[in-house]
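Dropping query_17.txt in here (compact mmCIF, C-alpha atoms):
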```
# COMPACT_ATOMS: atom_id res chain seq x y z
CA MET A 19 -5.31 -23.30 15.38
CA GLY A 20 -4.81 -19.59 14.86
CA PRO A 21 -5.44 -17.27 11.94
CA VAL A 22 -4.89 -17.85 8.25
CA GLY A 23 -1.99 -15.89 6.78
CA ARG A 24 0.94 -14.09 8.34
CA VAL A 25 1.51 -10.65 9.75
CA SER A 26 4.42 -8.69 8.26
CA THR A 27 7.30 -8.47 10.73
CA ASP A 28 8.93 -5.53 8.94
CA ALA A 29 7.74 -2.96 11.47
CA PHE A 30 7.44 -5.16 14.56
CA ASP A 31 8.77 -8.66 15.07
CA PRO A 32 7.29 -10.29 18.21
CA THR A 33 10.10 -12.86 18.29
CA ARG A 34 12.75 -10.15 18.34
CA PHE A 35 10.73 -8.10 20.83
CA LEU A 36 10.80 -10.97 23.37
CA ARG A 37 14.52 -10.64 24.05
CA THR A 38 15.14 -6.95 23.25
CA TRP A 39 15.67 -4.27 25.90
CA ASN A 40 17.28 -0.82 25.76
CA PHE A 41 17.14 -1.01 21.94
CA SER A 42 19.61 -3.93 21.96
CA ASP A 43 18.33 -5.09 18.55
CA LEU A 44 19.69 -2.01 16.75
CA PRO A 45 23.17 -1.69 15.24
CA ALA A 46 25.44 0.43 17.47
CA ASP A 47 25.23 3.64 15.45
CA GLU A 48 21.44 3.51 15.22
CA ARG A 49 21.10 2.44 18.83
CA SER A 50 22.91 5.54 20.05
CA ARG A 51 20.07 7.64 18.63
CA PHE A 52 17.77 6.17 21.28
CA TYR A 53 19.96 4.86 24.11
CA ARG A 54 23.27 5.80 25.72
CA GLU A 55 24.87 4.60 28.96
CA THR A 56 27.58 6.35 30.96
CA ALA A 57 29.41 4.98 34.00
CA ARG A 58 29.01 7.01 37.18
CA PRO A 59 31.67 7.35 39.93
CA ASP A 60 29.82 4.93 42.24
CA GLY A 61 29.87 2.19 39.60
CA SER A 62 26.20 2.58 38.61
CA LEU A 63 25.10 3.77 35.19
CA LEU A 64 23.42 6.84 33.83
CA ARG A 65 21.00 5.50 31.22
CA GLU A 66 19.73 8.06 28.74
CA TYR A 67 16.84 7.38 26.39
CA GLU A 68 15.19 9.20 23.52
CA LEU A 69 11.59 8.10 23.43
CA PHE A 70 8.87 9.49 21.23
CA ALA A 71 5.14 9.00 20.91
CA VAL A 72 3.74 8.67 17.40
CA ASP A 73 0.54 7.53 15.68
CA ARG A 74 1.01 4.43 13.55
CA ASP A 75 -1.15 1.83 11.85
CA ILE A 76 0.01 -1.53 13.19
CA GLU A 77 -0.92 -5.02 12.02
CA ILE A 78 -2.37 -6.99 14.95
CA ALA A 79 -3.64 -10.02 13.01
CA PRO A 80 -3.14 -10.96 9.35
CA GLY A 81 -4.67 -8.09 7.37
CA VAL A 82 -6.12 -6.38 10.46
CA PHE A 83 -4.63 -2.93 10.99
CA PHE A 84 -5.19 -0.95 14.15
CA PRO A 85 -4.70 2.85 14.29
CA ALA A 86 -2.39 2.78 17.30
CA TRP A 87 -0.81 5.45 19.44
CA THR A 88 2.67 4.17 20.14
CA TYR A 89 5.96 4.78 21.86
CA TYR A 90 8.79 4.48 19.31
CA GLY A 91 6.30 3.34 16.68
CA GLN A 92 5.65 -0.02 18.29
CA VAL A 93 3.22 -1.70 20.68
CA PRO A 94 4.28 -2.56 23.32
CA GLY A 95 6.79 0.29 23.60
CA PRO A 96 10.48 -0.51 23.95
CA THR A 97 11.46 -2.41 27.09
CA ILE A 98 13.42 -0.16 29.44
CA ARG A 99 15.89 -2.07 31.61
CA ALA A 100 18.22 -0.85 34.36
CA THR A 101 19.93 -2.12 37.50
CA ALA A 102 18.81 -0.93 40.92
CA GLY A 103 20.66 2.30 41.71
CA ASP A 104 21.10 3.40 38.10
CA HIS A 105 19.89 6.84 37.14
CA ILE A 106 17.41 7.09 34.27
CA ARG A 107 16.93 10.10 32.03
CA ILE A 108 14.32 9.97 29.29
CA ASN A 109 13.89 12.77 26.77
CA PHE A 110 10.29 12.26 25.72
CA THR A 111 9.06 13.90 22.52
CA ASN A 112 5.44 13.84 21.51
CA GLN A 113 5.18 13.36 17.74
CA GLY A 114 1.60 12.15 18.01
CA SER A 115 -1.65 13.96 17.41
CA HIS A 116 -2.81 14.07 21.05
CA PRO A 117 -1.26 15.11 24.38
CA HIS A 118 0.66 12.23 25.98
CA THR A 119 2.85 11.50 29.00
CA LEU A 120 5.22 8.87 30.34
CA HIS A 121 4.00 7.52 33.65
CA PHE A 122 6.50 5.07 35.17
CA HIS A 123 5.77 2.75 38.06
CA GLY A 124 8.47 2.91 40.73
CA TRP A 125 9.87 5.52 43.12
CA HIS A 126 10.19 9.06 41.78
CA ARG A 127 9.38 12.70 42.55
CA PRO A 128 5.75 13.73 41.89
CA GLU A 129 6.76 16.12 39.10
CA MET A 130 8.20 13.11 37.25
CA ASP A 131 4.94 11.15 37.51
CA GLY A 132 3.44 12.10 34.14
CA SER A 133 -0.09 11.88 35.50
CA MET A 134 -1.53 15.32 36.29
CA PRO A 135 -3.12 17.58 33.65
CA ALA A 136 -0.10 19.90 33.98
CA HIS A 137 2.20 16.97 33.13
CA GLN A 138 0.73 16.49 29.65
CA VAL A 139 3.25 16.86 26.86
CA LEU A 140 1.51 18.52 23.92
CA PRO A 141 2.09 17.42 20.32
CA GLY A 142 5.45 18.76 19.18
CA ASP A 143 6.68 19.32 22.76
CA SER A 144 9.28 17.44 24.81
CA PHE A 145 9.81 16.68 28.49
CA LEU A 146 12.83 15.29 30.35
CA TYR A 147 11.88 12.57 32.84
CA GLU A 148 14.51 11.76 35.42
CA PHE A 149 14.50 9.25 38.27
CA ASP A 150 16.45 6.44 39.92
CA ALA A 151 15.81 2.78 39.09
CA ASP A 152 14.05 1.82 42.31
CA PRO A 153 12.91 -0.66 43.57
CA PHE A 154 14.27 -3.70 41.77
CA GLY A 155 11.46 -5.67 40.20
CA LEU A 156 9.23 -5.92 37.18
CA HIS A 157 7.39 -2.67 36.47
CA LEU A 158 5.67 -0.88 33.63
CA TYR A 159 5.18 2.49 32.04
CA HIS A 160 2.22 3.93 30.22
CA CYS A 161 0.61 7.17 29.12
CA HIS A 162 -1.51 8.84 31.79
CA ALA A 163 -3.24 11.52 29.67
CA ASN A 164 -7.03 11.61 29.72
CA PRO A 165 -9.15 9.75 28.77
CA LEU A 166 -6.83 7.25 30.40
CA LYS A 167 -8.43 4.05 29.16
CA ARG A 168 -8.24 5.28 25.55
CA HIS A 169 -4.60 6.33 25.81
CA VAL A 170 -3.62 3.00 27.36
CA HIS A 171 -5.74 0.89 25.09
CA LYS A 172 -4.46 2.63 21.95
CA GLY A 173 -1.03 1.14 22.70
CA LEU A 174 0.91 3.56 24.90
CA TYR A 175 2.58 1.16 27.35
CA GLY A 176 5.73 -0.82 27.90
CA THR A 177 7.81 -2.84 30.34
CA PHE A 178 10.27 -1.43 32.87
CA ILE A 179 12.64 -4.01 34.35
CA VAL A 180 14.85 -3.10 37.30
CA ASP A 181 17.40 -5.81 37.98
CA PRO A 182 18.54 -6.53 41.53
CA PRO A 183 21.87 -4.92 42.53
CA ALA A 184 24.90 -6.50 40.87
CA THR A 185 25.96 -7.85 44.28
CA SER A 186 22.93 -10.19 44.36
CA PRO A 187 21.80 -10.85 40.77
CA ARG A 188 19.20 -13.34 39.64
CA PRO A 189 20.71 -16.56 38.26
CA PRO A 190 21.48 -16.55 34.51
CA ALA A 191 18.47 -17.51 32.40
CA ASP A 192 16.93 -17.27 28.94
CA GLU A 193 14.90 -14.12 29.55
CA MET A 194 11.90 -12.80 27.65
CA VAL A 195 9.26 -10.10 27.95
CA MET A 196 5.57 -10.79 27.44
CA VAL A 197 3.03 -8.00 27.57
CA LEU A 198 -0.55 -9.24 27.70
CA ASN A 199 -2.59 -6.83 25.59
CA ALA A 200 -5.75 -6.52 23.53
CA PHE A 201 -7.32 -4.26 20.92
CA ASP A 202 -10.74 -2.70 20.58
CA THR A 203 -10.89 -2.50 16.80
CA ASN A 204 -14.41 -1.00 16.55
CA PHE A 205 -14.23 1.36 19.55
CA ASP A 206 -17.11 -0.15 21.48
CA ALA A 207 -15.02 -0.40 24.68
CA GLU A 208 -14.61 -4.15 24.26
CA ASN A 209 -11.68 -6.03 22.80
CA GLU A 210 -11.85 -8.09 19.63
CA VAL A 211 -8.20 -9.16 19.39
CA TYR A 212 -6.06 -10.49 22.26
CA ALA A 213 -2.38 -11.34 22.30
CA ALA A 214 0.87 -11.71 24.13
CA ASN A 215 2.99 -8.95 22.52
CA THR A 216 0.34 -7.50 20.22
CA VAL A 217 0.12 -9.94 17.30
CA ALA A 218 -2.71 -12.46 17.65
CA SER A 219 -1.51 -16.07 17.75
CA PHE A 220 1.94 -15.04 16.51
CA TYR A 221 3.76 -17.54 18.73
CA VAL A 222 1.52 -20.31 17.45
CA GLN A 223 2.91 -19.71 13.97
CA GLU A 224 6.41 -18.90 15.26
CA PRO A 225 6.86 -20.87 18.50
CA ILE A 226 9.24 -19.41 21.10
CA GLN A 227 12.46 -21.43 20.94
CA VAL A 228 13.83 -22.59 24.28
CA GLN A 229 16.36 -25.18 25.45
CA VAL A 230 15.58 -28.21 27.55
CA GLY A 231 17.34 -27.93 30.92
CA GLN A 232 17.89 -24.16 30.73
CA LEU A 233 16.20 -21.82 33.19
CA VAL A 234 13.60 -19.67 31.40
CA ARG A 235 12.56 -16.36 32.95
CA MET A 236 9.42 -14.66 31.68
CA TYR A 237 8.66 -11.04 32.51
CA VAL A 238 4.87 -10.98 32.20
CA VAL A 239 2.96 -7.68 32.41
CA ASN A 240 -0.79 -7.32 32.02
CA LEU A 241 -1.81 -4.20 30.12
CA THR A 242 -5.16 -5.41 28.81
CA GLU A 243 -7.72 -2.60 28.88
CA PHE A 244 -11.51 -3.02 29.33
CA ASP A 245 -11.31 -6.58 30.72
CA LEU A 246 -10.93 -6.81 34.49
CA ILE A 247 -8.27 -9.48 34.49
CA ASN A 248 -6.04 -11.52 32.28
CA SER A 249 -4.18 -14.74 32.97
CA MET A 250 -1.46 -17.03 31.72
CA HIS A 251 -1.52 -20.79 31.73
CA LEU A 252 1.36 -23.02 30.68
CA HIS A 253 0.63 -26.59 29.62
CA ALA A 254 2.34 -29.75 30.89
CA MET A 255 4.54 -28.00 33.43
CA PHE A 256 4.66 -25.63 36.40
CA PHE A 257 6.44 -22.34 36.98
CA ASP A 258 7.64 -20.36 40.00
CA VAL A 259 6.08 -16.94 40.57
CA ILE A 260 7.81 -13.80 41.80
CA ARG A 261 5.02 -11.24 42.01
CA THR A 262 6.06 -7.73 40.88
CA GLY A 263 9.58 -9.18 40.70
CA THR A 264 10.46 -7.50 43.99
CA SER A 265 12.04 -10.56 45.56
CA LEU A 266 14.85 -12.94 44.69
CA THR A 267 12.77 -15.93 45.74
CA ALA A 268 9.49 -17.27 44.42
CA SER A 269 6.36 -17.14 46.54
CA GLU A 270 4.38 -19.87 44.82
CA SER A 271 4.49 -22.58 42.20
CA THR A 272 1.56 -22.93 39.80
CA ASP A 273 0.60 -23.42 36.16
CA THR A 274 -1.94 -20.56 35.97
CA ILE A 275 -1.50 -17.00 37.15
CA MET A 276 -4.13 -14.28 37.30
CA LEU A 277 -3.13 -10.64 36.76
CA CYS A 278 -5.18 -7.46 37.16
CA GLN A 279 -4.45 -4.58 34.77
CA GLY A 280 -1.03 -3.19 35.66
CA GLU A 281 -0.17 -6.27 37.68
CA ARG A 282 2.91 -8.23 36.68
CA ALA A 283 5.02 -11.18 37.69
CA ILE A 284 8.28 -12.91 36.89
CA LEU A 285 7.68 -16.56 35.99
CA GLU A 286 10.56 -19.03 36.09
CA THR A 287 10.65 -22.56 34.83
CA THR A 288 12.90 -25.16 33.20
CA PHE A 289 11.67 -27.32 30.33
CA ARG A 290 12.16 -31.01 31.08
CA TYR A 291 11.10 -32.45 27.75
CA PRO A 292 11.63 -31.51 24.10
CA GLY A 293 8.55 -30.66 22.08
CA GLU A 294 5.83 -28.06 21.80
CA PHE A 295 4.12 -26.62 24.85
CA MET A 296 1.01 -24.50 24.64
CA PHE A 297 0.55 -21.33 26.71
CA HIS A 298 -2.43 -18.96 26.71
CA ALA A 299 -4.93 -17.03 28.76
CA HIS A 300 -7.11 -19.38 30.76
CA GLN A 301 -10.06 -17.24 29.75
CA SER A 302 -10.89 -19.43 26.75
CA GLU A 303 -12.40 -16.48 24.87
CA PHE A 304 -9.12 -14.54 25.03
CA ALA A 305 -7.20 -17.62 23.90
CA GLU A 306 -9.42 -18.10 20.88
CA LEU A 307 -9.20 -14.42 19.96
CA GLY A 308 -5.41 -14.54 19.76
CA TRP A 309 -3.86 -14.83 23.23
CA MET A 310 -2.30 -18.19 22.49
CA GLY A 311 1.22 -19.36 21.80
CA LEU A 312 3.66 -22.26 21.81
CA PHE A 313 7.09 -22.90 23.26
CA ARG A 314 9.28 -25.22 21.23
CA ALA A 315 11.82 -26.87 23.52
CA GLU A 316 14.87 -28.42 21.93
CA GLY A 317 17.62 -30.59 23.36
CA THR A 318 17.69 -33.88 25.15
CA GLY A 319 15.45 -34.49 28.10
CA GLY A 320 13.14 -36.92 29.78
CA ALA A 321 14.09 -36.62 33.44
CA MET B 27 -27.27 19.48 -16.12
CA ALA B 28 -24.22 21.60 -16.88
CA GLY B 29 -22.46 18.48 -18.09
CA ILE B 30 -25.18 17.63 -20.60
CA ASP B 31 -25.14 21.21 -21.91
CA ARG B 32 -21.42 20.98 -22.45
CA ILE B 33 -21.73 17.70 -24.36
CA ARG B 34 -24.39 19.23 -26.63
CA ARG B 35 -22.24 22.25 -27.35
CA TRP B 36 -19.21 20.14 -28.18
CA SER B 37 -21.20 17.87 -30.46
CA GLY B 38 -22.02 20.73 -32.88
CA THR B 39 -19.92 21.75 -35.89
CA ARG B 40 -18.65 24.79 -34.06
CA GLY B 41 -17.55 22.46 -31.29
CA ALA B 42 -15.59 20.28 -33.68
CA VAL B 43 -13.70 23.26 -35.09
CA THR B 44 -12.88 24.49 -31.61
CA ALA B 45 -11.69 21.03 -30.62
CA VAL B 46 -9.34 20.84 -33.59
CA LEU B 47 -7.96 24.31 -32.78
CA VAL B 48 -7.41 23.43 -29.12
CA ALA B 49 -5.65 20.20 -30.12
CA ALA B 50 -3.41 22.03 -32.58
CA VAL B 51 -2.39 24.68 -30.03
CA GLY B 52 -1.80 21.95 -27.47
CA LEU B 53 0.43 20.02 -29.86
CA LEU B 54 2.38 23.17 -30.71
CA CYS B 55 2.95 23.91 -27.01
CA LEU B 56 4.10 20.33 -26.44
CA VAL B 57 6.58 20.49 -29.32
CA LEU B 58 7.96 23.80 -28.09
CA LEU B 59 8.16 22.83 -24.41
CA LEU B 60 9.34 19.24 -24.72
CA PRO B 61 13.05 20.05 -25.21
CA LEU B 62 12.87 22.42 -22.26
CA THR B 63 11.43 19.75 -19.96
CA ALA B 64 13.94 17.19 -21.16
CA ARG B 65 16.82 19.57 -20.56
CA THR B 66 15.49 20.43 -17.09
CA GLN B 67 15.28 16.79 -16.11
CA GLY B 68 18.71 16.06 -17.47
CA SER B 69 20.52 18.79 -15.57
CA ALA B 70 18.65 18.63 -12.27
CA ARG B 71 20.59 17.01 -9.48
CA GLN B 72 18.83 13.95 -8.09
CA ILE B 73 18.69 13.57 -4.28
CA THR B 74 16.83 10.54 -2.99
CA LEU B 75 15.84 10.51 0.67
CA VAL B 76 14.75 7.22 2.18
CA THR B 77 12.58 7.36 5.31
CA ARG B 78 12.89 4.56 7.83
CA ASN B 79 12.68 4.23 11.61
CA MET B 80 11.53 7.85 11.91
CA ALA B 81 14.54 9.38 10.16
CA PHE B 82 15.69 10.52 6.71
CA TYR B 83 18.63 8.72 5.12
CA LEU B 84 20.39 9.43 1.85
CA GLU B 85 19.90 6.42 -0.40
CA GLY B 86 22.49 3.86 0.69
CA GLY B 87 23.56 6.04 3.63
CA THR B 88 23.64 5.13 7.31
CA GLU B 89 23.60 8.58 8.90
CA PRO B 90 20.16 9.58 10.18
CA ASN B 91 18.92 13.03 9.09
CA PRO B 92 22.17 13.91 7.26
CA THR B 93 23.16 17.44 6.28
CA ILE B 94 22.33 17.91 2.61
CA GLN B 95 24.43 20.28 0.49
CA VAL B 96 23.23 21.92 -2.70
CA ARG B 97 24.71 24.71 -4.82
CA ALA B 98 23.10 28.13 -4.95
CA GLY B 99 20.59 28.33 -7.78
CA GLU B 100 21.01 24.65 -8.60
CA GLU B 101 18.02 22.66 -9.83
CA VAL B 102 17.38 19.70 -7.57
CA ARG B 103 14.93 16.87 -7.85
CA PHE B 104 14.12 15.51 -4.39
CA THR B 105 12.63 12.05 -4.27
CA VAL B 106 11.21 10.76 -1.01
CA LEU B 107 11.00 6.97 -0.77
CA ASN B 108 9.05 5.78 2.28
CA ARG B 109 10.42 2.58 3.82
CA ASP B 110 8.65 3.11 7.16
CA PRO B 111 5.68 0.72 7.43
CA GLY B 112 2.52 2.23 8.87
CA PHE B 113 3.70 5.85 8.59
CA GLN B 114 3.03 8.57 6.05
CA HIS B 115 5.97 10.94 5.66
CA ASN B 116 6.73 14.03 3.61
CA PHE B 117 9.70 16.33 3.03
CA SER B 118 9.51 20.03 3.72
CA VAL B 119 11.89 22.98 3.68
CA GLU B 120 9.66 25.70 5.01
CA ALA B 121 12.11 28.49 4.23
CA TRP B 122 12.05 27.48 0.55
CA GLY B 123 8.26 27.14 0.47
CA LEU B 124 8.86 23.48 -0.39
CA GLU B 125 6.56 20.74 0.85
CA THR B 126 6.00 17.42 -0.89
CA GLN B 127 2.81 15.45 -0.65
CA PHE B 128 2.56 12.66 1.91
CA VAL B 129 3.99 9.34 0.84
CA GLU B 130 2.50 5.97 1.71
CA THR B 131 4.71 3.07 2.74
CA GLU B 132 6.81 1.70 -0.15
CA ALA B 133 5.71 4.60 -2.36
CA SER B 134 7.68 7.64 -3.46
CA THR B 135 7.14 11.20 -4.59
CA SER B 136 9.39 13.64 -6.41
CA VAL B 137 9.56 17.38 -6.52
CA LEU B 138 11.71 19.62 -8.71
CA VAL B 139 12.98 22.82 -7.09
CA ARG B 140 15.57 25.49 -7.69
CA ALA B 141 17.79 26.10 -4.67
CA PRO B 142 17.84 29.69 -3.41
CA ALA B 143 20.43 31.95 -5.00
CA ARG B 144 21.70 33.03 -1.60
CA PRO B 145 23.90 30.62 0.45
CA GLY B 146 22.65 29.65 3.90
CA SER B 147 21.39 26.80 6.08
CA GLN B 148 17.78 25.86 6.72
CA PRO B 149 16.11 22.96 8.50
CA TYR B 150 14.33 20.26 6.53
CA VAL B 151 11.67 18.16 8.24
CA CYS B 152 8.87 15.69 7.83
CA THR B 153 5.96 17.97 8.75
CA PRO B 154 4.15 15.80 11.35
CA HIS B 155 7.38 14.22 12.72
CA GLY B 156 9.55 17.33 12.68
CA LYS B 157 11.23 16.69 16.03
CA MET B 158 12.60 13.28 15.07
CA MET B 159 12.90 13.75 11.31
CA ARG B 160 14.85 16.99 11.10
CA GLY B 161 18.09 17.82 9.34
CA ILE B 162 19.90 20.75 7.77
CA ILE B 163 20.00 21.68 4.11
CA GLU B 164 22.96 23.88 3.20
CA VAL B 165 23.07 26.13 0.18
CA VAL B 166 26.70 26.76 -0.73
CA ALA B 167 27.99 29.38 -3.16
CA ASP B 168 28.13 28.13 -6.74
```
structure tokens encoding of this file:
Amino acid sequence: MGPVGRVSTDAFDPTRFLRTWNFSDLPADERSRFYRETARPDGSLLREYELFAVDRDIEIAPGVFFPAWTYYGQVPGPTIRATAGDHIRINFTNQGSHPHTLHFHGWHRPEMDGSMPAHQVLPGDSFLYEFDADPFGLHLYHCHANPLKRHVHKGLYGTFIVDPPATSPRPPADEMVMVLNAFDTNFDAENEVYAANTVASFYVQEPIQVQVGQLVRMYVVNLTEFDLINSMHLHAMFFDVIRTGTSLTASESTDTIMLCQGERAILETTFRYPGEFMFHAHQSEFAELGWMGLFRAEGTGGA
Amino acid sequence: MAGIDRIRRWSGTRGAVTAVLVAAVGLLCLVLLLPLTARTQGSARQITLVTRNMAFYLEGGTEPNPTIQVRAGEEVRFTVLNRDPGFQHNFSVEAWGLETQFVETEASTSVLVRAPARPGSQPYVCTPHGKMMRGIIEVVAD
């Protein structure tokens, strides 16, 4: 099951990516290069980011390198996370070879939309994006320069989580981000490699560690280009679904969720039993081409 | 065709004499210049810059894109060691007319330069990533 060999995790470690937001994996002095937070009089935070676009060859399967366009040198880009009411300021610098933008989903002024031809940030230029974190939910950001499908597919996308106000937070959980993505390695407008978080079958080789009895919260965003839909199926259990994350309560309970491109959902579940649990796209083709992983639940269980 | 002509010419007696002469002059030059090169290498100050996470670091240092100080007229050997997987980086001080070749991941390149005689500060960059990988190089009076 899965490919032969291992992908180097020097440049991008999918396990670390799962539980990293706002550059939380960096030591403090390095982190301050990319992220700073300042308390505001009303108790909310000003969150300032330095984000850059850059071309980089990334390893998407053992020995398979893809000439990506990235934010911060990684695909998916860094997860941006704020609390509803915070103010976000992103100094975006284009160090790539093509014009790029940052287009965030959520409420903002049209000039902060990063979507019109006039919004394009040319190579070597910078632009300051500024908006409030609104509404709370699970969102995304991506490049909106033309041709759009190329800029998205080349790797310019990431997750934007807005937590509910501190007065009504979600219950504590083991939280993780999964971006469903795929790569067209021969530029025929079809994907050859599929994954959750870029590296084909990575979580088969390195299962995601979870604890029996602990609430697990998955932030799942579909950014697969070229294919109309993607999906996620979890074996031997069910999960609760909060579509777009814009509610505190789940709207359905299922074991398979379908997501259009740009669609996203928070999935919550609690592992009852120790052992390995498979998860993957329910499009079998995607699963076999890399969109496949395992959870490894530890602890006592059997309820 | 030109190649074959050249081989024919060199295979003649005249060619052999010329070859011996060229070799002798070459050897003489080497003998004369060798001490000079050795002395140059010995006295040049070595500055190694490690590239990682889209920044320059001094070897063993933690400060991204640090200010580098050199003495006016000093000979400096810059070595760029690329520890940034999937990126090619270089090192350039445009005001000095200095630009190294691009370095692949886990490779390095060196360049020997003489710092300007006049004190002053100039930016150093990685040419394609000059907004993120940018620092100051200071020439101080000797």
For the interface of chain B with chain A (cut-off 9 Å, counting only C-alpha atoms), please tabulate each contacting residue of chain B alongside its nearest pair of atoms and their separation in Å to one decimal, rows sorted by chain and increasing number, as JSON lines.
```
{"residue": "B:Asn79", "atom": "CA", "partner": "A:Gly91", "partner_atom": "CA", "distance": 8.2}
{"residue": "B:Met80", "atom": "CA", "partner": "A:Gly91", "partner_atom": "CA", "distance": 8.4}
{"residue": "B:Thr88", "atom": "CA", "partner": "A:Glu48", "partner_atom": "CA", "distance": 8.4}
{"residue": "B:Glu89", "atom": "CA", "partner": "A:Asp47", "partner_atom": "CA", "distance": 8.4}
{"residue": "B:Pro90", "atom": "CA", "partner": "A:Glu48", "partner_atom": "CA", "distance": 8.0}
{"residue": "B:Asp110", "atom": "CA", "partner": "A:Ala29", "partner_atom": "CA", "distance": 7.5}
{"residue": "B:Pro111", "atom": "CA", "partner": "A:Ala29", "partner_atom": "CA", "distance": 5.8}
{"residue": "B:Gly112", "atom": "CA", "partner": "A:Asp75", "partner_atom": "CA", "distance": 4.7}
{"residue": "B:Phe113", "atom": "CA", "partner": "A:Arg74", "partner_atom": "CA", "distance": 5.8}
{"residue": "B:Gln114", "atom": "CA", "partner": "A:Arg74", "partner_atom": "CA", "distance": 8.8}
{"residue": "B:Pro154", "atom": "CA", "partner": "A:Gln113", "partner_atom": "CA", "distance": 6.9}
{"residue": "B:His155", "atom": "CA", "partner": "A:Gln113", "partner_atom": "CA", "distance": 5.5}
{"residue": "B:Gly156", "atom": "CA", "partner": "A:Gln113", "partner_atom": "CA", "distance": 7.8}
{"residue": "B:Lys157", "atom": "CA", "partner": "A:Gly142", "partner_atom": "CA", "distance": 6.9}
{"residue": "B:Met158", "atom": "CA", "partner": "A:Gln113", "partner_atom": "CA", "distance": 7.9}
```
Exercise: Ser69 (chain B) partners within 10 Å, all atoms listed in the file, chain neighbours under 6 positions left out, as a tab-separated table (two decimals) with C-alpha atoms, in the coordinates of the input:
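Just written: out05.tsv:
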```
chain	number	residue	atom	x	y	z
B	100	GLU	CA	21.01	24.65	-8.60
B	101	GLU	CA	18.02	22.66	-9.83
B	102	VAL	CA	17.38	19.70	-7.57
B	103	ARG	CA	14.93	16.87	-7.85
```
Contacts of region 117-123 of chain B at 7 Å (only C-alpha atoms; same-chain gap of 2+ positions) as a PDB file with C-alpha atoms, in the frame of the given file:
```
ATOM      1  CA  GLU B 125       6.560  20.740   0.850  1.00  0.00           C
ATOM      2  CA  THR B 126       6.000  17.420  -0.890  1.00  0.00           C
ATOM      3  CA  GLN B 148      17.780  25.860   6.720  1.00  0.00           C
ATOM      4  CA  PRO B 149      16.110  22.960   8.500  1.00  0.00           C
ATOM      5  CA  TYR B 150      14.330  20.260   6.530  1.00  0.00           C
ATOM      6  CA  VAL B 151      11.670  18.160   8.240  1.00  0.00           C
ATOM      7  CA  CYS B 152       8.870  15.690   7.830  1.00  0.00           C
ATOM      8  CA  THR B 153       5.960  17.970   8.750  1.00  0.00           C
TER       9      THR B 153
END
```
Shell around Ala133 (chain B) at 8 Å using only C-alpha atoms, local window under 2 positions removed, as a PyMOL selection string:
chain B and resi 107-108+129-131+135
With 9 Å as the threshold, what does the neighbourhood of (18.4, -5.2, 36.5) contain in terms of residues, counting all atoms listed in the file? Coordinates are those of the file; answer as number ranges by chain.
A: 99-102, 151, 154-155, 179-184, 187-188
Could you save the residues just selected, with C-alpha atoms, as a PDB file, in the coordinates of the input?
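Dumped to again_23.pdb:
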```
ATOM      1  CA  ARG A  99      15.890  -2.070  31.610  1.00  0.00           C
ATOM      2  CA  ALA A 100      18.220  -0.850  34.360  1.00  0.00           C
ATOM      3  CA  THR A 101      19.930  -2.120  37.500  1.00  0.00           C
ATOM      4  CA  ALA A 102      18.810  -0.930  40.920  1.00  0.00           C
ATOM      5  CA  ALA A 151      15.810   2.780  39.090  1.00  0.00           C
ATOM      6  CA  PHE A 154      14.270  -3.700  41.770  1.00  0.00           C
ATOM      7  CA  GLY A 155      11.460  -5.670  40.200  1.00  0.00           C
ATOM      8  CA  ILE A 179      12.640  -4.010  34.350  1.00  0.00           C
ATOM      9  CA  VAL A 180      14.850  -3.100  37.300  1.00  0.00           C
ATOM     10  CA  ASP A 181      17.400  -5.810  37.980  1.00  0.00           C
ATOM     11  CA  PRO A 182      18.540  -6.530  41.530  1.00  0.00           C
ATOM     12  CA  PRO A 183      21.870  -4.920  42.530  1.00  0.00           C
ATOM     13  CA  ALA A 184      24.900  -6.500  40.870  1.00  0.00           C
ATOM     14  CA  PRO A 187      21.800 -10.850  40.770  1.00  0.00           C
ATOM     15  CA  ARG A 188      19.200 -13.340  39.640  1.00  0.00           C
TER      16      ARG A 188
END
```
Polymer residues at most 8 Å from (19.4, 4.5, 0.4) by all atoms listed in the file, as a ChimeraX atom specification:
/B:74-76,83-87
With distances taken over only C-alpha atoms, which of B:Ile94, B:Gly161, B:Leu47, B:Ala70 is nearest to Val137 (chain B)?
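Comparing B:Ile94, B:Gly161, B:Leu47, B:Ala70 against Val137 (chain B), the winner is B:Ala70.
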Quote the spacing between CA of Glu243 (chain A) and CA of Gly132 (chain A) in Å to one decimal place.
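Computing the Euclidean distance for CA of Glu243 (chain A) and CA of Gly132 (chain A) yields 19.2 Å.
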Could you tell me how far CA of Glu208 (chain A) lies from CA of Gln92 (chain A), in Å and to one decimal?
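A separation of 21.5 Å between them.
Of the listed residues A:Phe205, A:Ser219, A:Cys161, A:Thr97, the one whose atoms come nearest to Asp43 (chain A) is A:Thr97, with distances taken using only C-alpha atoms.
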Neighbours of Ala143 (chain B) within 9 Å (only C-alpha atoms; same-chain residues fewer than 6 positions away dropped), as a ChimeraX atom specification?
/B:97-100,165,167-168
